[in-house]
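The structure file data_18.cif is reproduced below (mmCIF, C-alpha atoms).
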data_work
#
loop_
_atom_site.group_PDB
_atom_site.id
_atom_site.type_symbol
_atom_site.label_atom_id
_atom_site.label_comp_id
_atom_site.auth_asym_id
_atom_site.auth_seq_id
_atom_site.Cartn_x
_atom_site.Cartn_y
_atom_site.Cartn_z
ATOM 1 C CA MET A 111 89.806 108.040 157.838
ATOM 2 C CA LYS A 112 88.324 107.049 154.466
ATOM 3 C CA LYS A 113 89.524 103.722 153.073
ATOM 4 C CA THR A 114 90.819 103.862 149.519
ATOM 5 C CA LEU A 115 89.485 101.024 147.414
ATOM 6 C CA ALA A 116 91.813 99.019 145.191
ATOM 7 C CA PRO A 117 90.985 99.359 141.496
ATOM 8 C CA GLY A 118 89.560 95.817 141.412
ATOM 9 C CA GLU A 119 87.112 96.712 144.181
ATOM 10 C CA ARG A 120 86.134 100.079 142.739
ATOM 11 C CA TYR A 121 85.861 99.234 139.029
ATOM 12 C CA ARG A 122 84.455 96.572 136.799
ATOM 13 C CA LEU A 123 86.023 95.954 133.408
ATOM 14 C CA GLU A 124 83.687 95.237 130.537
ATOM 15 C CA PRO A 125 83.443 95.530 126.775
ATOM 16 C CA LEU A 126 82.433 98.973 125.514
ATOM 17 C CA VAL A 127 78.737 99.143 124.592
ATOM 18 C CA ALA A 128 76.341 101.903 123.519
ATOM 19 C CA ARG A 129 75.081 102.601 127.071
ATOM 20 C CA HIS A 130 78.546 103.713 128.233
ATOM 21 C CA ASP A 131 78.609 107.516 128.363
ATOM 22 C CA ARG A 132 81.896 108.594 126.817
ATOM 23 C CA ARG A 133 81.144 112.312 126.504
ATOM 24 C CA LEU A 134 82.834 113.375 129.740
ATOM 25 C CA PHE A 135 85.897 111.142 129.484
ATOM 26 C CA CYS A 136 89.032 113.293 129.624
ATOM 27 C CA SER A 137 92.452 111.678 129.927
ATOM 28 C CA GLY A 138 94.487 114.750 129.039
ATOM 29 C CA SER A 139 95.220 113.331 125.577
ATOM 30 C CA ASP A 140 92.935 114.812 122.936
ATOM 31 C CA GLU A 141 93.828 111.962 120.572
ATOM 32 C CA LEU A 142 92.805 109.221 123.029
ATOM 33 C CA ASP A 143 89.691 111.090 124.184
ATOM 34 C CA ARG A 144 88.581 111.663 120.590
ATOM 35 C CA TYR A 145 89.178 107.988 119.803
ATOM 36 C CA LEU A 146 86.956 106.830 122.681
ATOM 37 C CA ARG A 147 84.169 109.278 121.800
ATOM 38 C CA ASN A 148 84.201 108.950 118.007
ATOM 39 C CA GLN A 149 85.915 105.757 116.851
ATOM 40 C CA ALA A 150 85.995 103.069 119.546
ATOM 41 C CA SER A 151 82.442 101.762 119.065
ATOM 42 C CA GLN A 152 82.940 101.543 115.332
ATOM 43 C CA ASP A 153 86.235 99.658 115.766
ATOM 44 C CA GLY A 154 84.470 97.216 118.071
ATOM 45 C CA ARG A 155 81.544 96.647 115.690
ATOM 46 C CA ARG A 156 83.903 96.131 112.755
ATOM 47 C CA ARG A 157 86.045 93.767 114.860
ATOM 48 C CA VAL A 158 89.141 95.904 114.241
ATOM 49 C CA ALA A 159 89.797 96.182 117.975
ATOM 50 C CA SER A 160 88.173 94.981 121.172
ATOM 51 C CA VAL A 161 87.537 97.915 123.491
ATOM 52 C CA PHE A 162 87.297 97.419 127.248
ATOM 53 C CA VAL A 163 86.319 100.084 129.776
ATOM 54 C CA ALA A 164 86.834 100.550 133.498
ATOM 55 C CA VAL A 165 83.441 101.507 134.900
ATOM 56 C CA GLU A 166 83.239 102.884 138.413
ATOM 57 C CA LYS A 167 80.825 100.562 140.230
ATOM 58 C CA THR A 168 79.013 103.252 142.212
ATOM 59 C CA SER A 169 78.621 106.018 139.614
ATOM 60 C CA GLY A 170 78.789 104.095 136.348
ATOM 61 C CA GLU A 171 81.342 106.620 135.021
ATOM 62 C CA LEU A 172 84.110 105.566 132.663
ATOM 63 C CA HIS A 173 87.504 106.067 134.252
ATOM 64 C CA GLY A 174 89.664 104.214 131.760
ATOM 65 C CA PHE A 175 89.807 102.098 128.641
ATOM 66 C CA TYR A 176 92.088 99.973 126.507
ATOM 67 C CA THR A 177 91.976 98.267 123.126
ATOM 68 C CA LEU A 178 93.259 94.866 122.049
ATOM 69 C CA SER A 179 93.782 93.451 118.587
ATOM 70 C CA MET A 180 95.824 90.758 116.925
ATOM 71 C CA ALA A 181 99.056 91.664 115.161
ATOM 72 C CA THR A 182 102.239 90.219 113.774
ATOM 73 C CA VAL A 183 105.891 91.054 114.339
ATOM 74 C CA LEU A 184 108.663 90.440 111.873
ATOM 75 C CA LEU A 185 110.948 87.854 113.409
ATOM 76 C CA ASP A 186 114.068 89.891 112.619
ATOM 77 C CA ARG A 187 112.786 92.742 114.850
ATOM 78 C CA LEU A 188 113.085 90.578 117.961
ATOM 79 C CA PRO A 189 116.306 90.238 119.962
ATOM 80 C CA GLU A 190 118.366 87.238 118.852
ATOM 81 C CA PRO A 191 117.984 85.244 122.112
ATOM 82 C CA LEU A 192 114.175 85.352 121.760
ATOM 83 C CA ALA A 193 114.072 84.954 117.971
ATOM 84 C CA HIS A 194 116.460 81.986 118.139
ATOM 85 C CA ARG A 195 113.887 79.942 120.098
ATOM 86 C CA LEU A 196 111.086 80.570 117.602
ATOM 87 C CA PRO A 197 110.221 78.886 114.300
ATOM 88 C CA LEU A 198 111.839 80.474 111.274
ATOM 89 C CA TYR A 199 108.679 82.120 109.985
ATOM 90 C CA PRO A 200 108.948 85.638 108.549
ATOM 91 C CA SER A 201 106.590 86.929 111.251
ATOM 92 C CA ILE A 202 105.126 85.716 114.515
ATOM 93 C CA PRO A 203 101.684 86.249 116.070
ATOM 94 C CA ALA A 204 101.221 88.959 118.669
ATOM 95 C CA VAL A 205 98.576 90.802 120.665
ATOM 96 C CA ARG A 206 98.599 94.596 120.406
ATOM 97 C CA LEU A 207 97.483 96.851 123.223
ATOM 98 C CA GLY A 208 96.618 99.677 120.855
ATOM 99 C CA ARG A 209 95.409 102.314 123.270
ATOM 100 C CA LEU A 210 95.224 102.713 127.041
ATOM 101 C CA ALA A 211 93.939 105.814 128.826
ATOM 102 C CA VAL A 212 92.834 106.795 132.317
ATOM 103 C CA HIS A 213 90.512 109.699 133.121
ATOM 104 C CA LYS A 214 92.590 112.581 134.483
ATOM 105 C CA ASP A 215 90.660 112.616 137.783
ATOM 106 C CA ALA A 216 91.537 108.952 138.335
ATOM 107 C CA GLN A 217 95.210 109.068 137.304
ATOM 108 C CA GLY A 218 97.772 108.058 139.897
ATOM 109 C CA HIS A 219 95.502 105.524 141.600
ATOM 110 C CA GLY A 220 96.696 102.335 139.895
ATOM 111 C CA ILE A 221 94.025 102.173 137.211
ATOM 112 C CA GLY A 222 96.567 102.128 134.371
ATOM 113 C CA THR A 223 98.246 99.107 135.952
ATOM 114 C CA PHE A 224 94.839 97.507 136.539
ATOM 115 C CA LEU A 225 93.955 97.990 132.865
ATOM 116 C CA LEU A 226 97.310 96.647 131.657
ATOM 117 C CA MET A 227 97.067 93.550 133.866
ATOM 118 C CA ASP A 228 93.522 92.887 132.684
ATOM 119 C CA ALA A 229 94.623 93.211 129.048
ATOM 120 C CA MET A 230 97.427 90.698 129.572
ATOM 121 C CA ALA A 231 95.202 88.274 131.515
ATOM 122 C CA ARG A 232 92.476 88.534 128.878
ATOM 123 C CA SER A 233 95.040 87.833 126.152
ATOM 124 C CA LEU A 234 96.369 84.792 127.988
ATOM 125 C CA GLY A 235 92.795 83.524 128.352
ATOM 126 C CA SER A 236 92.281 83.586 124.603
ATOM 127 C CA GLU A 237 92.637 80.379 122.628
ATOM 128 C CA VAL A 238 94.337 82.317 119.838
ATOM 129 C CA ALA A 239 98.099 81.735 119.687
ATOM 130 C CA TRP A 240 100.490 84.631 120.225
ATOM 131 C CA VAL A 241 104.142 84.988 121.193
ATOM 132 C CA VAL A 242 104.591 88.637 122.217
ATOM 133 C CA PHE A 243 102.413 91.361 123.714
ATOM 134 C CA LEU A 244 102.926 94.687 121.921
ATOM 135 C CA VAL A 245 102.363 98.278 122.970
ATOM 136 C CA ASP A 246 103.008 101.563 121.222
ATOM 137 C CA ALA A 247 103.720 104.246 123.814
ATOM 138 C CA LYS A 248 102.397 107.665 122.773
ATOM 139 C CA ASP A 249 105.133 109.534 124.634
ATOM 140 C CA ASP A 250 108.153 109.017 126.881
ATOM 141 C CA PRO A 251 106.201 108.873 130.177
ATOM 142 C CA ALA A 252 104.037 106.112 128.667
ATOM 143 C CA ARG A 253 107.173 104.309 127.449
ATOM 144 C CA MET A 254 108.635 104.464 130.965
ATOM 145 C CA PHE A 255 105.332 103.154 132.405
ATOM 146 C CA TYR A 256 105.521 100.063 130.175
ATOM 147 C CA GLN A 257 109.234 99.593 130.778
ATOM 148 C CA SER A 258 108.535 99.484 134.524
ATOM 149 C CA PHE A 259 106.719 96.198 133.794
ATOM 150 C CA GLY A 260 109.640 94.769 131.844
ATOM 151 C CA PHE A 261 108.605 95.785 128.338
ATOM 152 C CA GLN A 262 111.551 96.143 125.955
ATOM 153 C CA SER A 263 111.807 98.586 123.089
ATOM 154 C CA PHE A 264 112.379 97.336 119.584
ATOM 155 C CA GLN A 265 115.799 98.455 118.371
ATOM 156 C CA ASP A 266 114.329 100.379 115.459
ATOM 157 C CA GLU A 267 111.654 102.241 117.464
ATOM 158 C CA SER A 268 111.993 103.206 121.134
ATOM 159 C CA ARG A 269 108.253 103.741 121.683
ATOM 160 C CA SER A 270 107.256 100.422 120.156
ATOM 161 C CA LEU A 271 107.641 97.867 122.934
ATOM 162 C CA PHE A 272 107.050 94.183 123.564
ATOM 163 C CA LEU A 273 106.918 91.632 126.329
ATOM 164 C CA PRO A 274 107.238 87.915 125.562
ATOM 165 C CA ARG A 275 104.288 85.719 126.483
ATOM 166 C CA LYS A 276 106.657 83.500 128.470
ATOM 167 C CA THR A 277 107.417 86.492 130.714
ATOM 168 C CA ILE A 278 103.722 87.285 131.228
ATOM 169 C CA GLU A 279 102.424 83.771 131.921
ATOM 170 C CA PRO A 280 104.011 83.352 135.398
ATOM 171 C CA LEU A 281 102.330 86.573 136.573
ATOM 172 C CA PHE A 282 98.923 84.919 136.287
ATOM 173 C CA ARG A 283 99.512 81.424 137.652
#

I need this file expressed as structure tokens, please.
Amino acid sequence: MKKTLAPGERYRLEPLVARHDRRLFCSGSDELDRYLRNQASQDGRRRVASVFVAVEKTSGELHGFYTLSMATVLLDRLPEPLAHRLPLYPSIPAVRLGRLAVHKDAQGHGIGTFLLMDAMARSLGSEVAWVVFLVDAKDDPARMFYQSFGFQSFQDESRSLFLPRKTIEPLFR
């Protein structure tokens, strides 16, 4: 019987660079595939977003990617119990997971979770201050994926979700 490798054994996560072949990446979302092929490198060069890819160690193929950037959240968008503990600034610093996609042939094998955990760990490792980790789910299945990790929807937008840093930190101790 063939042993299935855990994502951390099968993939390495690294910043997107020119040598990564993006032409064959197909997640099932034309928007995300087009972004990776046509816009991601430019966003990285312009420092608009940091793009990280999951590269299969044996083949060198891209099987997933995500983007991170800094953001802000208006304090009045947060639930009162969380907002009450924060300084009374109009907005607070955040990290935004802008995009996350897994190649359709690799979906269902834990790579999405692997990418999300890496994004959170990488954000915690930064010396830049932030209070919440943001995601914008492209559809309801994506929203449910994030909610399975404890992400909460903002009251004014069900697909815009957040997770407080204080909730994430214990996962990586």

Selection under test: the PyMOL selection byres ((chain A and resi 263) around 12); residues as a PyMOL selection string: chain A and resi 187-189+243-247+250+253-254+256-258+260-262+264-274

The PyMOL selection byres ((chain A and resi 121-135) around 9) resolved against shown file, as a ChimeraX atom specification: /A:116-120,136-137,143,146-147,150-151,154,160-168,170-175,212-214,221,225,228

I'd like the neighbourhood of Pro203 of chain A as number ranges by chain, where a residue qualifies if any of its atoms comes within 6 Å (using all atoms listed in the file), though same-chain residues fewer than 5 positions away should be ignored. A: 182, 240-241

Residue nearest Gly218 of chain A - candidates A:Arg275, A:Phe255, A:Ala204, A:Arg232, atoms counted: all atoms listed in the file: A:Phe255

Result set, the PyMOL selection byres ((chain A and resi 233) around 10) on current file, as a PyMOL selection string: chain A and resi 178-180+204-207+227-232+234-240+243+275

Restricted to C-alpha atoms, what would the selected residues look like written as a PDB file, in the coordinates of the input?
ATOM      1  CA  LEU A 178      93.259  94.866 122.049  1.00  0.00           C
ATOM      2  CA  SER A 179      93.782  93.451 118.587  1.00  0.00           C
ATOM      3  CA  MET A 180      95.824  90.758 116.925  1.00  0.00           C
ATOM      4  CA  ALA A 204     101.221  88.959 118.669  1.00  0.00           C
ATOM      5  CA  VAL A 205      98.576  90.802 120.665  1.00  0.00           C
ATOM      6  CA  ARG A 206      98.599  94.596 120.406  1.00  0.00           C
ATOM      7  CA  LEU A 207      97.483  96.851 123.223  1.00  0.00           C
ATOM      8  CA  MET A 227      97.067  93.550 133.866  1.00  0.00           C
ATOM      9  CA  ASP A 228      93.522  92.887 132.684  1.00  0.00           C
ATOM     10  CA  ALA A 229      94.623  93.211 129.048  1.00  0.00           C
ATOM     11  CA  MET A 230      97.427  90.698 129.572  1.00  0.00           C
ATOM     12  CA  ALA A 231      95.202  88.274 131.515  1.00  0.00           C
ATOM     13  CA  ARG A 232      92.476  88.534 128.878  1.00  0.00           C
ATOM     14  CA  LEU A 234      96.369  84.792 127.988  1.00  0.00           C
ATOM     15  CA  GLY A 235      92.795  83.524 128.352  1.00  0.00           C
ATOM     16  CA  SER A 236      92.281  83.586 124.603  1.00  0.00           C
ATOM     17  CA  GLU A 237      92.637  80.379 122.628  1.00  0.00           C
ATOM     18  CA  VAL A 238      94.337  82.317 119.838  1.00  0.00           C
ATOM     19  CA  ALA A 239      98.099  81.735 119.687  1.00  0.00           C
ATOM     20  CA  TRP A 240     100.490  84.631 120.225  1.00  0.00           C
ATOM     21  CA  PHE A 243     102.413  91.361 123.714  1.00  0.00           C
ATOM     22  CA  ARG A 275     104.288  85.719 126.483  1.00  0.00           C
TER      23      ARG A 275
END

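Using all atoms listed in the file, the nearest neighbour of Gly138 of chain A within the list A:Ser201, A:Ser169, A:Gln217, A:Thr177 is A:Gln217.
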
Hey, could you pull the box centre and edge lengths for segment 184-189 of chain A, axis-aligned, 8 Å padding per side, all listed atoms, to one decimal in Å, as lines of an AutoDock Vina configuration file?
center_x = 112.5
center_y = 90.3
center_z = 115.9
size_x = 23.6
size_y = 20.9
size_z = 24.1

Can you patch up segment 183-215 of chain A, filling it in to N, CA and C atoms, and show the result as a PDB file, in the frame of the given file?
ATOM      1  N   VAL A 183     104.594  90.399 114.201  1.00  0.00           N
ATOM      2  CA  VAL A 183     105.891  91.054 114.339  1.00  0.00           C
ATOM      3  C   VAL A 183     106.864  90.320 113.442  1.00  0.00           C
ATOM      4  N   LEU A 184     107.625  91.067 112.677  1.00  0.00           N
ATOM      5  CA  LEU A 184     108.663  90.440 111.873  1.00  0.00           C
ATOM      6  C   LEU A 184     109.698  89.819 112.804  1.00  0.00           C
ATOM      7  N   LEU A 185     110.036  88.590 112.542  1.00  0.00           N
ATOM      8  CA  LEU A 185     110.948  87.854 113.409  1.00  0.00           C
ATOM      9  C   LEU A 185     112.282  88.579 113.583  1.00  0.00           C
ATOM     10  N   ASP A 186     112.758  89.228 112.521  1.00  0.00           N
ATOM     11  CA  ASP A 186     114.068  89.891 112.619  1.00  0.00           C
ATOM     12  C   ASP A 186     114.043  91.164 113.462  1.00  0.00           C
ATOM     13  N   ARG A 187     112.863  91.590 113.938  1.00  0.00           N
ATOM     14  CA  ARG A 187     112.786  92.742 114.850  1.00  0.00           C
ATOM     15  C   ARG A 187     113.049  92.339 116.304  1.00  0.00           C
ATOM     16  N   LEU A 188     112.925  91.058 116.586  1.00  0.00           N
ATOM     17  CA  LEU A 188     113.085  90.578 117.961  1.00  0.00           C
ATOM     18  C   LEU A 188     114.556  90.366 118.291  1.00  0.00           C
ATOM     19  N   PRO A 189     114.922  90.515 119.565  1.00  0.00           N
ATOM     20  CA  PRO A 189     116.306  90.238 119.962  1.00  0.00           C
ATOM     21  C   PRO A 189     116.677  88.787 119.644  1.00  0.00           C
ATOM     22  N   GLU A 190     117.887  88.563 119.273  1.00  0.00           N
ATOM     23  CA  GLU A 190     118.366  87.238 118.852  1.00  0.00           C
ATOM     24  C   GLU A 190     118.051  86.140 119.867  1.00  0.00           C
ATOM     25  N   PRO A 191     118.270  86.347 121.177  1.00  0.00           N
ATOM     26  CA  PRO A 191     117.984  85.244 122.112  1.00  0.00           C
ATOM     27  C   PRO A 191     116.518  84.790 122.070  1.00  0.00           C
ATOM     28  N   LEU A 192     115.588  85.716 121.855  1.00  0.00           N
ATOM     29  CA  LEU A 192     114.175  85.352 121.760  1.00  0.00           C
ATOM     30  C   LEU A 192     113.871  84.771 120.385  1.00  0.00           C
ATOM     31  N   ALA A 193     114.338  85.410 119.346  1.00  0.00           N
ATOM     32  CA  ALA A 193     114.072  84.954 117.971  1.00  0.00           C
ATOM     33  C   ALA A 193     114.644  83.569 117.729  1.00  0.00           C
ATOM     34  N   HIS A 194     115.774  83.277 118.339  1.00  0.00           N
ATOM     35  CA  HIS A 194     116.460  81.986 118.139  1.00  0.00           C
ATOM     36  C   HIS A 194     115.590  80.808 118.579  1.00  0.00           C
ATOM     37  N   ARG A 195     114.720  81.019 119.563  1.00  0.00           N
ATOM     38  CA  ARG A 195     113.887  79.942 120.098  1.00  0.00           C
ATOM     39  C   ARG A 195     112.575  79.767 119.331  1.00  0.00           C
ATOM     40  N   LEU A 196     112.350  80.600 118.330  1.00  0.00           N
ATOM     41  CA  LEU A 196     111.086  80.570 117.602  1.00  0.00           C
ATOM     42  C   LEU A 196     111.246  79.929 116.230  1.00  0.00           C
ATOM     43  N   PRO A 197     110.147  79.440 115.659  1.00  0.00           N
ATOM     44  CA  PRO A 197     110.221  78.886 114.300  1.00  0.00           C
ATOM     45  C   PRO A 197     110.688  79.958 113.312  1.00  0.00           C
ATOM     46  N   LEU A 198     111.281  79.544 112.254  1.00  0.00           N
ATOM     47  CA  LEU A 198     111.839  80.474 111.274  1.00  0.00           C
ATOM     48  C   LEU A 198     110.784  80.977 110.290  1.00  0.00           C
ATOM     49  N   TYR A 199     109.703  81.487 110.813  1.00  0.00           N
ATOM     50  CA  TYR A 199     108.679  82.120 109.985  1.00  0.00           C
ATOM     51  C   TYR A 199     109.069  83.584 109.795  1.00  0.00           C
ATOM     52  N   PRO A 200     108.610  84.219 108.734  1.00  0.00           N
ATOM     53  CA  PRO A 200     108.948  85.638 108.549  1.00  0.00           C
ATOM     54  C   PRO A 200     108.379  86.533 109.662  1.00  0.00           C
ATOM     55  N   SER A 201     107.197  86.147 110.171  1.00  0.00           N
ATOM     56  CA  SER A 201     106.590  86.929 111.251  1.00  0.00           C
ATOM     57  C   SER A 201     105.955  85.980 112.258  1.00  0.00           C
ATOM     58  N   ILE A 202     105.724  86.514 113.449  1.00  0.00           N
ATOM     59  CA  ILE A 202     105.126  85.716 114.515  1.00  0.00           C
ATOM     60  C   ILE A 202     103.862  86.407 115.013  1.00  0.00           C
ATOM     61  N   PRO A 203     102.924  85.650 115.580  1.00  0.00           N
ATOM     62  CA  PRO A 203     101.684  86.249 116.070  1.00  0.00           C
ATOM     63  C   PRO A 203     101.906  87.029 117.365  1.00  0.00           C
ATOM     64  N   ALA A 204     101.108  88.090 117.497  1.00  0.00           N
ATOM     65  CA  ALA A 204     101.221  88.959 118.669  1.00  0.00           C
ATOM     66  C   ALA A 204      99.839  89.511 119.025  1.00  0.00           C
ATOM     67  N   VAL A 205      99.740  90.036 120.226  1.00  0.00           N
ATOM     68  CA  VAL A 205      98.576  90.802 120.665  1.00  0.00           C
ATOM     69  C   VAL A 205      99.051  92.242 120.804  1.00  0.00           C
ATOM     70  N   ARG A 206      98.242  93.177 120.313  1.00  0.00           N
ATOM     71  CA  ARG A 206      98.599  94.596 120.406  1.00  0.00           C
ATOM     72  C   ARG A 206      97.636  95.316 121.350  1.00  0.00           C
ATOM     73  N   LEU A 207      98.216  95.905 122.384  1.00  0.00           N
ATOM     74  CA  LEU A 207      97.483  96.851 123.223  1.00  0.00           C
ATOM     75  C   LEU A 207      97.588  98.178 122.481  1.00  0.00           C
ATOM     76  N   GLY A 208      96.544  98.514 121.735  1.00  0.00           N
ATOM     77  CA  GLY A 208      96.618  99.677 120.855  1.00  0.00           C
ATOM     78  C   GLY A 208      96.514 101.005 121.578  1.00  0.00           C
ATOM     79  N   ARG A 209      95.624 101.070 122.532  1.00  0.00           N
ATOM     80  CA  ARG A 209      95.409 102.314 123.270  1.00  0.00           C
ATOM     81  C   ARG A 209      95.106 101.976 124.722  1.00  0.00           C
ATOM     82  N   LEU A 210      95.546 102.830 125.621  1.00  0.00           N
ATOM     83  CA  LEU A 210      95.224 102.713 127.041  1.00  0.00           C
ATOM     84  C   LEU A 210      95.172 104.130 127.580  1.00  0.00           C
ATOM     85  N   ALA A 211      94.076 104.470 128.263  1.00  0.00           N
ATOM     86  CA  ALA A 211      93.939 105.814 128.826  1.00  0.00           C
ATOM     87  C   ALA A 211      93.162 105.749 130.129  1.00  0.00           C
ATOM     88  N   VAL A 212      93.495 106.672 131.021  1.00  0.00           N
ATOM     89  CA  VAL A 212      92.834 106.795 132.317  1.00  0.00           C
ATOM     90  C   VAL A 212      92.315 108.220 132.432  1.00  0.00           C
ATOM     91  N   HIS A 213      91.092 108.371 132.916  1.00  0.00           N
ATOM     92  CA  HIS A 213      90.512 109.699 133.121  1.00  0.00           C
ATOM     93  C   HIS A 213      91.438 110.498 134.038  1.00  0.00           C
ATOM     94  N   LYS A 214      91.621 111.769 133.732  1.00  0.00           N
ATOM     95  CA  LYS A 214      92.590 112.581 134.483  1.00  0.00           C
ATOM     96  C   LYS A 214      92.280 112.651 135.967  1.00  0.00           C
ATOM     97  N   ASP A 215      91.012 112.583 136.358  1.00  0.00           N
ATOM     98  CA  ASP A 215      90.660 112.616 137.783  1.00  0.00           C
ATOM     99  C   ASP A 215      90.994 111.316 138.501  1.00  0.00           C
TER     100      ASP A 215
END
